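Participant: The following file, start15.txt, comprises compact mmCIF, C-alpha atoms and all ligand atoms:
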# COMPACT_ATOMS: atom_id res chain seq x y z
CA GLU A 1 -41.43 31.19 16.31
CA LYS A 2 -42.37 32.70 12.97
CA ALA A 3 -41.18 29.59 11.19
CA ASP A 4 -43.25 27.48 13.53
CA GLN A 5 -46.28 29.59 12.89
CA LYS A 6 -45.76 29.37 9.20
CA ARG A 7 -45.42 25.61 9.32
CA GLU A 8 -48.58 25.43 11.36
CA THR A 9 -50.52 27.57 8.92
CA ASN A 10 -49.26 25.52 6.03
CA GLU A 11 -50.22 22.32 7.73
CA SER A 12 -53.65 23.47 8.75
CA GLN A 13 -54.16 24.81 5.24
CA LYS A 14 -53.21 21.42 3.88
CA ASP A 15 -55.68 19.94 6.32
CA VAL A 16 -58.44 22.22 5.16
CA LEU A 17 -57.73 21.48 1.52
CA GLY A 18 -57.52 17.76 2.23
CA VAL A 19 -60.81 17.78 4.08
CA ALA A 20 -62.45 19.88 1.39
CA LYS A 21 -61.30 17.44 -1.24
CA ASP A 22 -62.57 14.46 0.72
CA ALA A 23 -65.86 16.20 1.37
CA GLU A 24 -66.23 16.95 -2.31
CA LYS A 25 -65.63 13.30 -3.03
CA GLU A 26 -68.07 12.19 -0.36
CA ASN A 27 -70.82 14.32 -1.82
CA LYS A 28 -70.41 12.67 -5.18
CA VAL A 29 -72.03 9.49 -6.28
CA ASN A 30 -69.42 6.77 -5.90
CA TYR A 31 -69.11 4.13 -8.59
CA SER A 32 -66.60 1.87 -6.81
CA GLY A 33 -67.12 -1.65 -8.04
CA ALA A 34 -69.51 -0.70 -10.83
CA GLN A 35 -68.70 -2.54 -14.05
CA VAL A 36 -69.33 -2.31 -17.78
CA TRP A 37 -69.81 -5.50 -19.77
CA LYS A 38 -70.00 -5.98 -23.52
CA VAL A 39 -72.67 -8.51 -24.38
CA SER A 40 -73.65 -9.95 -27.75
CA THR A 41 -77.39 -9.59 -28.27
CA GLU A 42 -77.82 -11.67 -31.43
CA GLU A 43 -79.87 -14.22 -29.46
CA SER A 44 -83.29 -13.00 -28.38
CA ARG A 45 -83.05 -14.80 -25.01
CA VAL A 46 -80.15 -12.51 -24.14
CA ARG A 47 -82.23 -9.45 -24.93
CA THR A 48 -84.99 -10.82 -22.70
CA VAL A 49 -82.67 -11.29 -19.73
CA ILE A 50 -81.18 -7.81 -20.19
CA GLY A 51 -84.64 -6.28 -20.37
CA ARG A 52 -85.61 -8.03 -17.14
CA LEU A 53 -82.50 -6.91 -15.26
CA ARG A 54 -82.98 -3.40 -16.51
CA ARG A 55 -86.56 -3.24 -15.27
CA ARG A 56 -85.32 -4.41 -11.87
CA ASN A 57 -82.96 -1.42 -11.99
CA LEU A 58 -79.84 -3.59 -11.56
CA ILE A 59 -78.30 -2.57 -14.86
CA ALA A 60 -78.49 0.19 -17.45
CA THR A 61 -77.69 -0.18 -21.12
CA TRP A 62 -75.26 2.28 -22.63
CA SER A 63 -74.05 2.24 -26.21
CA GLY A 64 -75.19 -0.60 -28.40
CA ASN A 65 -76.70 -1.58 -31.71
CA HIS A 66 -78.44 -4.62 -33.12
CA SER A 67 -75.61 -7.02 -32.35
CA TYR A 68 -74.20 -5.96 -28.98
CA VAL A 69 -74.87 -3.77 -26.00
CA ASP A 70 -72.70 -2.29 -23.26
CA VAL A 71 -74.26 -3.17 -19.94
CA PHE A 72 -73.56 -0.91 -16.97
CA VAL A 73 -73.82 -3.04 -13.83
CA LYS A 74 -74.57 -1.11 -10.65
CA PRO A 75 -72.09 -1.71 -7.81
CA HIS A 76 -74.53 -3.45 -5.46
CA ALA A 77 -75.82 -5.64 -8.28
CA VAL A 78 -72.60 -7.15 -9.64
CA GLU A 79 -73.02 -10.42 -7.73
CA ASN A 80 -76.66 -10.74 -8.61
CA VAL A 81 -76.22 -9.97 -12.28
CA THR A 82 -73.19 -12.26 -12.56
CA ARG A 83 -75.29 -15.10 -11.15
CA ALA A 84 -78.13 -14.39 -13.54
CA PHE A 85 -75.77 -14.41 -16.55
CA LYS A 86 -74.09 -17.64 -15.41
CA ARG A 87 -77.42 -19.32 -14.82
CA GLU A 88 -78.65 -18.38 -18.30
CA ASN A 89 -75.31 -19.28 -19.85
CA ILE A 90 -74.79 -15.84 -21.34
CA GLU A 91 -71.25 -14.83 -22.25
CA TYR A 92 -69.89 -11.38 -21.59
CA ASP A 93 -66.64 -9.41 -21.61
CA ILE A 94 -65.87 -7.19 -18.65
CA ILE A 95 -64.55 -4.03 -20.31
CA ILE A 96 -64.48 -1.89 -17.16
CA ASP A 97 -64.09 -3.68 -13.85
CA ASP A 98 -64.10 -0.67 -11.54
CA LEU A 99 -65.74 2.40 -12.96
CA GLN A 100 -64.80 4.68 -10.06
CA LYS A 101 -61.14 4.04 -10.73
CA ARG A 102 -61.63 5.16 -14.32
CA ILE A 103 -63.52 8.24 -13.15
CA ASP A 104 -60.73 9.15 -10.72
CA GLU A 105 -58.13 8.88 -13.49
CA GLU A 106 -60.13 10.53 -16.24
CA ASN A 107 -59.47 14.25 -15.86
CA PRO A 108 -56.23 14.94 -13.92
CA PRO A 109 -55.50 18.59 -13.08
CA LEU A 110 -53.14 20.48 -15.38
CA ASP A 111 -49.58 21.17 -14.23
CA GLN A 112 -48.46 24.68 -13.27
CA ASN A 113 -46.88 25.46 -16.66
CA GLU A 114 -50.14 24.81 -18.43
CA ILE A 115 -52.05 27.05 -16.07
CA GLU A 116 -49.61 29.90 -16.57
CA LEU A 117 -49.91 29.46 -20.31
CA GLN A 118 -53.70 29.67 -20.06
CA ASP A 119 -53.58 32.89 -18.09
CA ARG A 120 -51.31 34.55 -20.64
CA ARG A 121 -53.67 33.56 -23.45
CA GLY A 122 -56.71 35.36 -22.07
CA HIS A 123 -58.90 32.29 -21.62
CA ARG A 124 -58.58 29.00 -19.79
CA MET A 125 -59.80 26.60 -22.44
CA THR A 126 -57.58 23.71 -23.53
CA TRP A 127 -58.13 20.39 -25.25
CA LYS A 128 -55.90 18.60 -22.77
CA GLN A 129 -58.56 18.58 -20.09
CA TYR A 130 -62.31 18.55 -19.67
CA HIS A 131 -63.35 21.99 -18.52
CA ARG A 132 -66.07 23.41 -16.34
CA LEU A 133 -68.78 25.54 -17.96
CA GLU A 134 -67.14 28.74 -16.73
CA ASP A 135 -63.99 28.03 -18.78
CA ILE A 136 -66.03 27.19 -21.88
CA HIS A 137 -68.11 30.37 -21.61
CA GLY A 138 -65.00 32.42 -20.87
CA PHE A 139 -63.46 31.05 -24.04
CA LEU A 140 -66.48 31.98 -26.18
CA ASP A 141 -66.54 35.51 -24.74
CA TYR A 142 -62.80 35.87 -25.31
CA LEU A 143 -63.20 34.95 -28.99
CA ALA A 144 -66.07 37.39 -29.47
CA LYS A 145 -63.98 40.17 -27.96
CA THR A 146 -60.82 39.26 -29.87
CA TYR A 147 -62.36 38.62 -33.28
CA SER A 148 -65.33 40.95 -33.14
CA ALA A 149 -65.34 41.46 -36.93
CA ILE A 150 -66.40 37.88 -37.56
CA ILE A 151 -67.47 36.43 -34.20
CA SER A 152 -70.34 37.21 -31.88
CA VAL A 153 -71.80 35.47 -28.85
CA ARG A 154 -75.35 35.67 -27.59
CA SER A 155 -77.35 33.89 -24.96
CA ILE A 156 -80.39 32.31 -26.58
CA GLY A 157 -82.05 31.60 -23.24
CA LYS A 158 -81.41 30.15 -19.83
CA SER A 159 -81.28 26.65 -18.44
CA PHE A 160 -83.66 25.62 -15.67
CA GLU A 161 -81.10 26.62 -13.02
CA GLY A 162 -80.47 29.93 -14.77
CA ARG A 163 -77.28 29.29 -16.73
CA ASP A 164 -76.83 30.96 -20.10
CA LEU A 165 -77.23 28.98 -23.31
CA LYS A 166 -74.45 30.62 -25.28
CA VAL A 167 -74.35 30.46 -29.05
CA LEU A 168 -71.23 31.58 -30.88
CA ARG A 169 -71.57 32.74 -34.47
CA ILE A 170 -68.73 32.90 -36.98
CA SER A 171 -69.42 34.59 -40.29
CA ASN A 172 -67.69 36.62 -42.97
CA GLY A 173 -71.00 38.40 -43.52
CA LYS A 174 -71.64 37.39 -47.11
CA PRO A 175 -75.40 37.52 -47.71
CA SER A 176 -75.31 34.41 -49.91
CA ASN A 177 -73.97 32.17 -47.12
CA LYS A 178 -75.75 29.04 -46.03
CA ALA A 179 -75.88 28.45 -42.30
CA VAL A 180 -74.88 25.43 -40.21
CA PHE A 181 -75.97 24.81 -36.63
CA ILE A 182 -73.79 22.62 -34.41
CA ASP A 183 -74.49 21.66 -30.84
CA GLY A 184 -72.94 19.55 -28.12
CA GLY A 185 -73.65 18.49 -24.59
CA ILE A 186 -77.34 17.63 -24.94
CA HIS A 187 -76.44 14.71 -22.69
CA ALA A 188 -74.55 15.80 -19.60
CA ARG A 189 -72.11 12.92 -19.20
CA GLU A 190 -70.86 12.92 -22.81
CA TRP A 191 -67.92 15.20 -22.03
CA ILE A 192 -66.11 14.60 -25.30
CA SER A 193 -68.94 16.40 -27.10
CA PRO A 194 -68.50 19.97 -25.77
CA ALA A 195 -64.73 19.39 -25.96
CA THR A 196 -65.02 18.54 -29.67
CA VAL A 197 -67.40 21.37 -30.53
CA THR A 198 -65.13 23.92 -28.84
CA TYR A 199 -62.20 22.44 -30.77
CA PHE A 200 -64.03 23.23 -34.03
CA ILE A 201 -64.70 26.75 -32.81
CA ASN A 202 -61.06 27.25 -31.93
CA GLN A 203 -59.83 26.02 -35.31
CA PHE A 204 -62.18 28.26 -37.29
CA ALA A 205 -61.76 31.31 -35.06
CA GLU A 206 -57.99 31.27 -34.81
CA ASN A 207 -57.36 30.54 -38.51
CA PHE A 208 -60.35 32.05 -40.26
CA ASP A 209 -58.38 34.00 -42.88
CA GLU A 210 -56.42 30.91 -43.89
CA GLU A 211 -59.42 28.60 -43.92
CA GLU A 212 -60.67 27.02 -47.13
CA ASP A 213 -63.55 28.76 -48.91
CA ASP A 214 -65.97 25.99 -47.95
CA ILE A 215 -65.50 26.98 -44.31
CA ARG A 216 -65.32 30.75 -44.82
CA ASN A 217 -68.51 30.90 -46.83
CA ILE A 218 -70.75 29.38 -44.18
CA ASP A 219 -72.44 31.15 -41.28
CA TRP A 220 -71.53 28.91 -38.34
CA TYR A 221 -73.63 28.72 -35.20
CA PHE A 222 -72.26 26.74 -32.26
CA LEU A 223 -74.00 25.87 -29.00
CA PRO A 224 -71.33 23.77 -27.27
CA VAL A 225 -73.32 23.02 -24.10
CA VAL A 226 -77.07 22.59 -24.60
CA ASN A 227 -77.48 21.18 -21.10
CA PRO A 228 -75.29 23.29 -18.79
CA ASP A 229 -77.06 22.28 -15.55
CA GLY A 230 -76.54 18.62 -16.29
CA TYR A 231 -72.96 19.25 -17.40
CA GLU A 232 -72.07 21.01 -14.14
CA TYR A 233 -73.86 18.29 -12.19
CA THR A 234 -71.62 15.65 -13.78
CA HIS A 235 -68.64 17.61 -12.47
CA THR A 236 -69.94 18.19 -8.95
CA ALA A 237 -72.29 15.35 -8.08
CA ASP A 238 -72.76 12.44 -10.46
CA ARG A 239 -70.37 11.73 -13.34
CA LEU A 240 -72.94 9.59 -15.14
CA TRP A 241 -75.89 12.01 -15.15
CA ARG A 242 -77.52 12.22 -18.61
CA LYS A 243 -80.62 14.44 -18.41
CA ASN A 244 -81.22 18.09 -17.54
CA ARG A 245 -81.91 19.01 -13.90
CA LYS A 246 -85.50 20.22 -13.83
CA PRO A 247 -87.46 18.29 -11.18
CA ALA A 248 -90.52 16.42 -12.39
CA VAL A 249 -93.85 17.77 -11.21
CA GLY A 250 -94.73 16.27 -7.84
CA ARG A 251 -92.11 13.53 -8.11
CA GLN A 252 -88.88 12.76 -6.39
CA CYS A 253 -86.97 12.30 -9.65
CA ALA A 254 -85.23 15.07 -11.57
CA GLY A 255 -84.40 15.48 -15.19
CA THR A 256 -85.78 15.14 -18.69
CA ASP A 257 -83.83 13.54 -21.51
CA LEU A 258 -83.57 16.58 -23.79
CA ASN A 259 -83.08 14.27 -26.76
CA ARG A 260 -86.57 12.86 -26.19
CA ASN A 261 -88.18 16.26 -25.70
CA PHE A 262 -88.13 17.77 -29.20
CA GLY A 263 -91.39 18.29 -31.04
CA TYR A 264 -91.26 15.80 -33.87
CA ARG A 265 -93.30 12.63 -33.29
CA TRP A 266 -92.78 13.38 -29.62
CA GLY A 267 -93.80 10.59 -27.23
CA GLY A 268 -93.27 7.71 -29.64
CA LYS A 269 -91.00 4.71 -29.37
CA GLY A 270 -87.85 4.57 -27.23
CA ALA A 271 -88.90 7.38 -24.90
CA SER A 272 -90.29 6.96 -21.40
CA ALA A 273 -93.22 8.62 -19.64
CA ASN A 274 -91.63 7.81 -16.28
CA PRO A 275 -89.78 10.82 -14.79
CA CYS A 276 -87.33 8.49 -13.05
CA SER A 277 -86.21 6.96 -16.35
CA ASP A 278 -82.98 8.06 -17.98
CA ILE A 279 -84.93 8.54 -21.22
CA PHE A 280 -87.84 10.52 -19.72
CA ARG A 281 -89.46 12.47 -22.55
CA GLY A 282 -90.86 15.30 -20.39
CA ASN A 283 -94.52 16.15 -19.83
CA ARG A 284 -95.02 17.53 -23.31
CA MET A 285 -92.91 18.42 -26.33
CA PHE A 286 -90.50 21.29 -25.61
CA SER A 287 -91.42 21.27 -21.92
CA GLU A 288 -87.77 21.97 -21.06
CA PRO A 289 -86.19 25.44 -21.23
CA GLU A 290 -83.05 24.10 -22.95
CA SER A 291 -84.75 22.26 -25.83
CA LYS A 292 -87.32 25.05 -26.16
CA ALA A 293 -84.62 27.72 -26.47
CA LEU A 294 -82.73 25.68 -29.07
CA GLY A 295 -85.88 25.03 -31.11
CA ASP A 296 -87.05 28.64 -30.94
CA PHE A 297 -83.64 29.91 -31.96
CA ILE A 298 -83.44 27.72 -35.06
CA LYS A 299 -87.02 28.54 -36.05
CA ASN A 300 -86.82 32.27 -35.47
CA THR A 301 -83.35 33.10 -36.73
CA ALA A 302 -83.20 34.48 -40.21
CA ALA A 303 -80.21 32.24 -41.02
CA ASN A 304 -80.62 29.85 -43.90
CA PHE A 305 -79.87 26.62 -42.01
CA THR A 306 -78.86 23.86 -44.38
CA ALA A 307 -77.24 21.54 -41.85
CA TYR A 308 -77.82 20.60 -38.23
CA LEU A 309 -75.16 18.52 -36.46
CA THR A 310 -75.52 17.33 -32.89
CA TYR A 311 -72.54 15.71 -31.19
CA HIS A 312 -72.98 12.89 -28.70
CA SER A 313 -70.96 9.96 -27.43
CA TYR A 314 -70.22 7.14 -27.68
CA GLY A 315 -70.01 4.34 -30.29
CA GLN A 316 -68.61 6.06 -33.41
CA TYR A 317 -71.71 6.48 -35.54
CA ILE A 318 -72.85 9.02 -38.11
CA LEU A 319 -76.64 8.87 -37.96
CA TYR A 320 -79.32 10.47 -40.09
CA PRO A 321 -83.13 10.54 -39.68
CA TRP A 322 -85.42 9.13 -38.90
CA GLY A 323 -84.87 8.30 -35.26
CA TYR A 324 -88.49 7.91 -34.22
CA ASP A 325 -89.04 4.72 -36.18
CA ASN A 326 -87.40 2.48 -38.70
CA VAL A 327 -88.20 4.56 -41.77
CA VAL A 328 -86.04 6.89 -43.85
CA PRO A 329 -86.69 10.27 -45.49
CA PRO A 330 -86.94 10.52 -49.30
CA ASP A 331 -83.39 11.89 -49.60
CA HIS A 332 -81.81 9.15 -47.48
CA LYS A 333 -79.48 8.12 -50.31
CA THR A 334 -77.92 11.57 -50.31
CA LEU A 335 -77.65 11.59 -46.52
CA ASP A 336 -76.03 8.18 -46.62
CA GLU A 337 -73.54 9.33 -49.26
CA VAL A 338 -72.62 12.44 -47.26
CA GLY A 339 -72.31 10.41 -44.05
CA LYS A 340 -70.06 7.88 -45.74
CA SER A 341 -67.80 10.57 -47.19
CA MET A 342 -67.52 12.06 -43.72
CA ALA A 343 -66.66 8.64 -42.29
CA ASP A 344 -64.02 8.13 -45.01
CA ALA A 345 -62.36 11.43 -44.16
CA ILE A 346 -62.37 10.59 -40.45
CA LYS A 347 -60.81 7.21 -41.14
CA GLN A 348 -58.14 8.74 -43.33
CA ILE A 349 -57.11 11.34 -40.76
CA GLY A 350 -57.38 9.43 -37.52
CA GLY A 351 -57.99 5.81 -38.40
CA SER A 352 -61.26 5.51 -36.49
CA LYS A 353 -64.10 3.58 -38.07
CA TYR A 354 -67.49 5.31 -37.97
CA THR A 355 -70.63 3.37 -38.87
CA VAL A 356 -73.11 5.26 -41.07
CA GLY A 357 -76.87 4.74 -41.22
CA SER A 358 -80.29 5.91 -40.11
CA SER A 359 -80.38 6.17 -36.33
CA SER A 360 -83.42 3.92 -35.91
CA GLY A 361 -81.93 1.40 -38.30
CA VAL A 362 -78.44 1.31 -36.86
CA LEU A 363 -79.27 1.87 -33.17
CA TYR A 364 -82.88 1.72 -32.00
CA PRO A 365 -86.02 3.81 -32.49
CA ALA A 366 -86.08 6.82 -30.16
CA ALA A 367 -88.63 9.61 -30.67
CA GLY A 368 -88.21 13.25 -29.73
CA GLY A 369 -84.60 13.67 -30.86
CA SER A 370 -83.26 17.03 -31.98
CA ASP A 371 -82.06 15.57 -35.30
CA ASP A 372 -85.56 14.47 -36.30
CA TRP A 373 -86.98 17.84 -35.33
CA ALA A 374 -84.35 19.69 -37.38
CA LYS A 375 -85.04 17.48 -40.39
CA GLY A 376 -88.75 18.13 -39.90
CA GLN A 377 -87.99 21.85 -40.09
CA GLY A 378 -86.63 21.27 -43.58
CA ILE A 379 -82.94 21.34 -42.68
CA LYS A 380 -81.49 19.06 -45.28
CA TYR A 381 -78.35 17.67 -43.64
CA SER A 382 -79.36 16.59 -40.17
CA PHE A 383 -76.94 14.26 -38.40
CA THR A 384 -76.32 12.90 -34.95
CA ILE A 385 -72.66 12.09 -34.53
CA GLU A 386 -71.73 9.65 -31.81
CA LEU A 387 -68.07 10.32 -31.10
CA GLY A 388 -65.51 7.89 -29.72
CA ASP A 389 -64.77 5.56 -28.42
CA THR A 390 -66.43 2.22 -29.15
CA GLY A 391 -66.60 1.15 -25.52
CA ARG A 392 -63.15 0.63 -24.05
CA TYR A 393 -63.64 3.78 -21.99
CA GLY A 394 -67.16 4.76 -23.03
CA PHE A 395 -68.30 8.02 -21.43
CA ILE A 396 -65.18 8.15 -19.24
CA LEU A 397 -62.80 8.88 -22.10
CA PRO A 398 -59.32 9.92 -20.86
CA THR A 399 -58.20 13.43 -21.72
CA SER A 400 -55.45 12.14 -24.02
CA HIS A 401 -58.24 11.15 -26.44
CA ILE A 402 -59.72 14.64 -26.76
CA GLU A 403 -57.39 15.95 -29.46
CA PRO A 404 -57.35 12.84 -31.67
CA VAL A 405 -61.15 12.48 -31.54
CA ALA A 406 -61.76 16.18 -32.17
CA LYS A 407 -59.18 16.37 -34.94
CA GLU A 408 -60.63 13.52 -36.96
CA SER A 409 -64.16 14.84 -36.38
CA LEU A 410 -63.06 18.14 -37.87
CA ALA A 411 -62.04 16.26 -41.02
CA GLY A 412 -65.61 14.92 -41.20
CA LEU A 413 -67.03 18.39 -40.68
CA ARG A 414 -64.97 19.76 -43.58
CA VAL A 415 -66.59 17.21 -45.88
CA LEU A 416 -70.01 18.27 -44.67
CA ALA A 417 -69.12 21.92 -45.32
CA HIS A 418 -68.25 20.97 -48.86
CA TYR A 419 -71.69 19.42 -49.44
CA VAL A 420 -73.43 22.38 -47.83
CA ASN A 421 -71.75 24.72 -50.31
CA LYS A 422 -72.55 22.47 -53.23
CA TYR A 423 -76.22 21.94 -52.34
N1 LIG A 501 -77.71 8.01 -28.53
C1 LIG A 501 -78.67 8.99 -28.99
C2 LIG A 501 -79.86 9.01 -28.06
O1 LIG A 501 -80.27 7.97 -27.60
C3 LIG A 501 -79.08 8.70 -30.39
C4 LIG A 501 -80.09 9.63 -30.93
C5 LIG A 501 -80.38 9.34 -32.37
N2 LIG A 501 -81.47 10.16 -32.86
C6 LIG A 501 -82.75 9.89 -32.63
N3 LIG A 501 -83.63 10.76 -33.03
N4 LIG A 501 -83.14 8.79 -32.07
O2 LIG A 501 -80.36 10.06 -27.74
ZN ZN A 502 -76.14 11.39 -26.16
Could I get this file's structure written as structure tokens?
Ligand code: ARG
Ligand code: ZN

Facilitator:
Amino acid sequence: EKADQKRETNESQKDVLGVAKDAEKENKVNYSGAQVWKVSTEESRVRTVIGRLRRRNLIATWSGNHSYVDVFVKPHAVENVTRAFKRENIEYDIIIDDLQKRIDEENPPLDQNEIELQDRRGHRMTWKQYHRLEDIHGFLDYLAKTYSAIISVRSIGKSFEGRDLKVLRISNGKPSNKAVFIDGGIHAREWISPATVTYFINQFAENFDEEEDDIRNIDWYFLPVVNPDGYEYTHTADRLWRKNRKPAVGRQCAGTDLNRNFGYRWGGKGASANPCSDIFRGNRMFSEPESKALGDFIKNTAANFTAYLTYHSYGQYILYPWGYDNVVPPDHKTLDEVGKSMADAIKQIGGSKYTVGSSSGVLYPAAGGSDDWAKGQGIKYSFTIELGDTGRYGFILPTSHIEPVAKESLAGLRVLAHYVNKY
């Protein structure tokens, strides 16, 4: 009888878990049948057609530059868009033919051995998986507790939904140190970004005494998840969410693109006034608690910030100002030289090719970015780094890519640290 009971409990438990899992899936936006196409945009007629389809909300454009664009085709629109492309004789490569399948395979759970290892270590962070915010914050707190002589963590404010914006500082306390600010996760769906920034933190924290002087003599400030509400939302509801989660005033749409909300030439090109747009700039500069907290922190902290790096994905670019329009700052030659040395180091370590240039020149003009604002504050080395890949997986980068991408990025960061010390 007992055995029977036990079997019954087990089975009903399995049922409950199964149902819970299905329910979780059902509550999420489903991207079955959605596709990603790579399209050459050298011909202006192609750009016209893409613009038209985008306004009809059938497609979105993801990574791209002057010569190509990745087109995300919504599931219900695949037939329609295919017909339009055929009719206009536009060629395209289907790089992802079922996005949901990629999403389902992206972040498999760890096996039992890994989990036991995590628990023995005192935090749950790994670079073999994409982690929830709780694991990331737990990791930062663990480091502050374990290495309290050089590491501290503070919350610089709260997200719209009340989550902490945690900044971790690593410093040997030398008064002559320059400071570097690094953030990730401004855009919710770019999961490789917080993963990479936490990888940097782990390297510096765990090996600080053995690190080269260029690393040890900088005051490091890391904010791995600028947009925690959006980040959690990509885990629980919509894998492709980009913005924060603050509802627009009196509208049905939620979210401001935090990288259009910073107060430098705010409201210019490449930013939308429509709250339903993925590049909504917000109602005014710094209208969002997340961008406001970041801006206030950089302005009000006594640290001598010499570099600001913000990690995004994807496309493999190292971008310097300006972003708001196709112009460059007076020291653009230096920025270009630093960017190219970083790209060289990345190539040497991991083999990936990063394209270097001004963000408006290489990509497109987009006003209200954090990089422009930082540069406007007088922070010399301001870069946006678009991590891998170049479009095979795009935002849905499998976990096996985390370590290689992060490792080569660290090589780039070491070069930057060298310039910071020299400057
Ligand atoms: N992909 C990034 C974005 O669209 C690039 C930002 C580059 N910087 C800029 N200020 N436009 O947000
Ligand atoms: Zn981004």

Participant: Counting only C-alpha atoms and all ligand atoms, what are the residues of chain A within 9 Å of ligand LIG 501 (chain A), and for each of them which pair of atoms is the nearest and at what distance in Å, to one decimal? Sort the table by chain and rising number, as CSV.

Facilitator:
residue,atom,partner,partner_atom,distance
A:Trp62,CA,A:LIG501,N1,8.6
A:Ser63,CA,A:LIG501,N1,7.2
A:Gly64,CA,A:LIG501,N1,9.0
A:Ile186,CA,A:LIG501,O2,8.6
A:His187,CA,A:LIG501,O2,7.9
A:Asp257,CA,A:LIG501,O2,7.9
A:Leu258,CA,A:LIG501,O2,8.3
A:Asn259,CA,A:LIG501,O2,5.1
A:Arg260,CA,A:LIG501,O2,7.0
A:Gly270,CA,A:LIG501,N4,8.0
A:Ile279,CA,A:LIG501,O1,7.9
A:His312,CA,A:LIG501,N1,6.8
A:Ser313,CA,A:LIG501,N1,7.1
A:Tyr314,CA,A:LIG501,N1,7.6
A:Gly315,CA,A:LIG501,N1,8.7
A:Leu319,CA,A:LIG501,C5,6.7
A:Tyr320,CA,A:LIG501,N2,7.5
A:Pro321,CA,A:LIG501,N3,6.7
A:Trp322,CA,A:LIG501,N3,6.3
A:Gly323,CA,A:LIG501,N3,3.5
A:Tyr324,CA,A:LIG501,N3,5.8
A:Asp325,CA,A:LIG501,N4,8.3
A:Ser358,CA,A:LIG501,C5,8.5
A:Ser359,CA,A:LIG501,C5,5.1
A:Ser360,CA,A:LIG501,N4,6.2
A:Leu363,CA,A:LIG501,C3,7.4
A:Tyr364,CA,A:LIG501,N4,7.1
A:Pro365,CA,A:LIG501,N4,5.8
A:Ala366,CA,A:LIG501,N4,4.0
A:Ala367,CA,A:LIG501,N3,5.6
A:Gly368,CA,A:LIG501,N3,6.2
A:Gly369,CA,A:LIG501,N3,3.8
A:Ser370,CA,A:LIG501,N3,6.4
A:Asp371,CA,A:LIG501,N3,5.5
A:Asp372,CA,A:LIG501,N3,5.3
A:Trp373,CA,A:LIG501,N3,8.2
A:Phe383,CA,A:LIG501,N2,8.2
A:Thr384,CA,A:LIG501,C5,6.0
A:Ile385,CA,A:LIG501,C3,8.4
A:Glu386,CA,A:LIG501,N1,7.0

Participant: Looking at A:Thr310, A:Thr82, A:Gln100, A:Asn421, which one is nearest to ligand ZN 502 (chain A), with distances taken over only C-alpha atoms and all ligand atoms?

Facilitator: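 Checking each candidate against ligand ZN 502 (chain A), we get A:Thr310 as the closest.
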
Participant: Which protein, DNA or RNA residues have an atom at most 12 Å from (-74.8, 33.8, -47.5), counting only C-alpha atoms? List them as a ChimeraX atom specification.

Facilitator: /A:171-180,214-220,302-306,420-421

Participant: Measuring between all atoms listed in the file, which one of A:Lys422, A:Lys243, A:Arg45, A:Lys145 shows the shortest distance to ligand ZN 502 (chain A)?

Facilitator: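 Among the listed residues, the smallest separation from ligand ZN 502 (chain A) belongs to A:Lys243.
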
Participant: Using only C-alpha atoms, find the one residue out of A:Cys276, A:Ala417, A:Ile115, A:Val225 that sits nearest to Asn57 in chain A.

Facilitator: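 Nearest to Asn57 in chain A: A:Cys276.
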
Participant: Please provide as a count of residues only all residues within 9 Å of Trp241 in chain A, with the sequence filter that same-chain residues fewer than 6 positions apart are discarded (counting all atoms listed in the file).

Facilitator: 8

Participant: Nearest to ligand ZN 502 (chain A): which of A:Ala307, A:Leu387, A:Ala345, A:Ala273 is it, counting all atoms listed in the file?

Facilitator: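 So, comparing all the options, the nearest one is A:Leu387.
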
Participant: Please rebuild range 110-118 of chain A with N, CA and C atoms and return the result as a PDB file, keeping the file's coordinate frame.

Facilitator:
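After the write, result17.pdb holds the following:
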ATOM      1  N   LEU A 110     -54.280  20.073 -14.556  1.00  0.00           N
ATOM      2  CA  LEU A 110     -53.140  20.480 -15.380  1.00  0.00           C
ATOM      3  C   LEU A 110     -51.951  20.842 -14.488  1.00  0.00           C
ATOM      4  N   ASP A 111     -50.733  20.739 -15.028  1.00  0.00           N
ATOM      5  CA  ASP A 111     -49.580  21.170 -14.230  1.00  0.00           C
ATOM      6  C   ASP A 111     -49.444  22.697 -14.318  1.00  0.00           C
ATOM      7  N   GLN A 112     -48.586  23.237 -13.448  1.00  0.00           N
ATOM      8  CA  GLN A 112     -48.460  24.680 -13.270  1.00  0.00           C
ATOM      9  C   GLN A 112     -48.134  25.415 -14.575  1.00  0.00           C
ATOM     10  N   ASN A 113     -47.252  24.824 -15.395  1.00  0.00           N
ATOM     11  CA  ASN A 113     -46.880  25.460 -16.660  1.00  0.00           C
ATOM     12  C   ASN A 113     -48.093  25.706 -17.548  1.00  0.00           C
ATOM     13  N   GLU A 114     -48.944  24.705 -17.610  1.00  0.00           N
ATOM     14  CA  GLU A 114     -50.140  24.810 -18.430  1.00  0.00           C
ATOM     15  C   GLU A 114     -51.030  25.951 -17.950  1.00  0.00           C
ATOM     16  N   ILE A 115     -51.165  26.036 -16.629  1.00  0.00           N
ATOM     17  CA  ILE A 115     -52.050  27.050 -16.070  1.00  0.00           C
ATOM     18  C   ILE A 115     -51.509  28.445 -16.364  1.00  0.00           C
ATOM     19  N   GLU A 116     -50.197  28.602 -16.255  1.00  0.00           N
ATOM     20  CA  GLU A 116     -49.610  29.900 -16.570  1.00  0.00           C
ATOM     21  C   GLU A 116     -49.812  30.261 -18.030  1.00  0.00           C
ATOM     22  N   LEU A 117     -49.695  29.267 -18.871  1.00  0.00           N
ATOM     23  CA  LEU A 117     -49.910  29.460 -20.310  1.00  0.00           C
ATOM     24  C   LEU A 117     -51.330  29.948 -20.565  1.00  0.00           C
ATOM     25  N   GLN A 118     -52.294  29.297 -19.909  1.00  0.00           N
ATOM     26  CA  GLN A 118     -53.700  29.670 -20.060  1.00  0.00           C
ATOM     27  C   GLN A 118     -53.912  31.125 -19.706  1.00  0.00           C
TER      28      GLN A 118
END
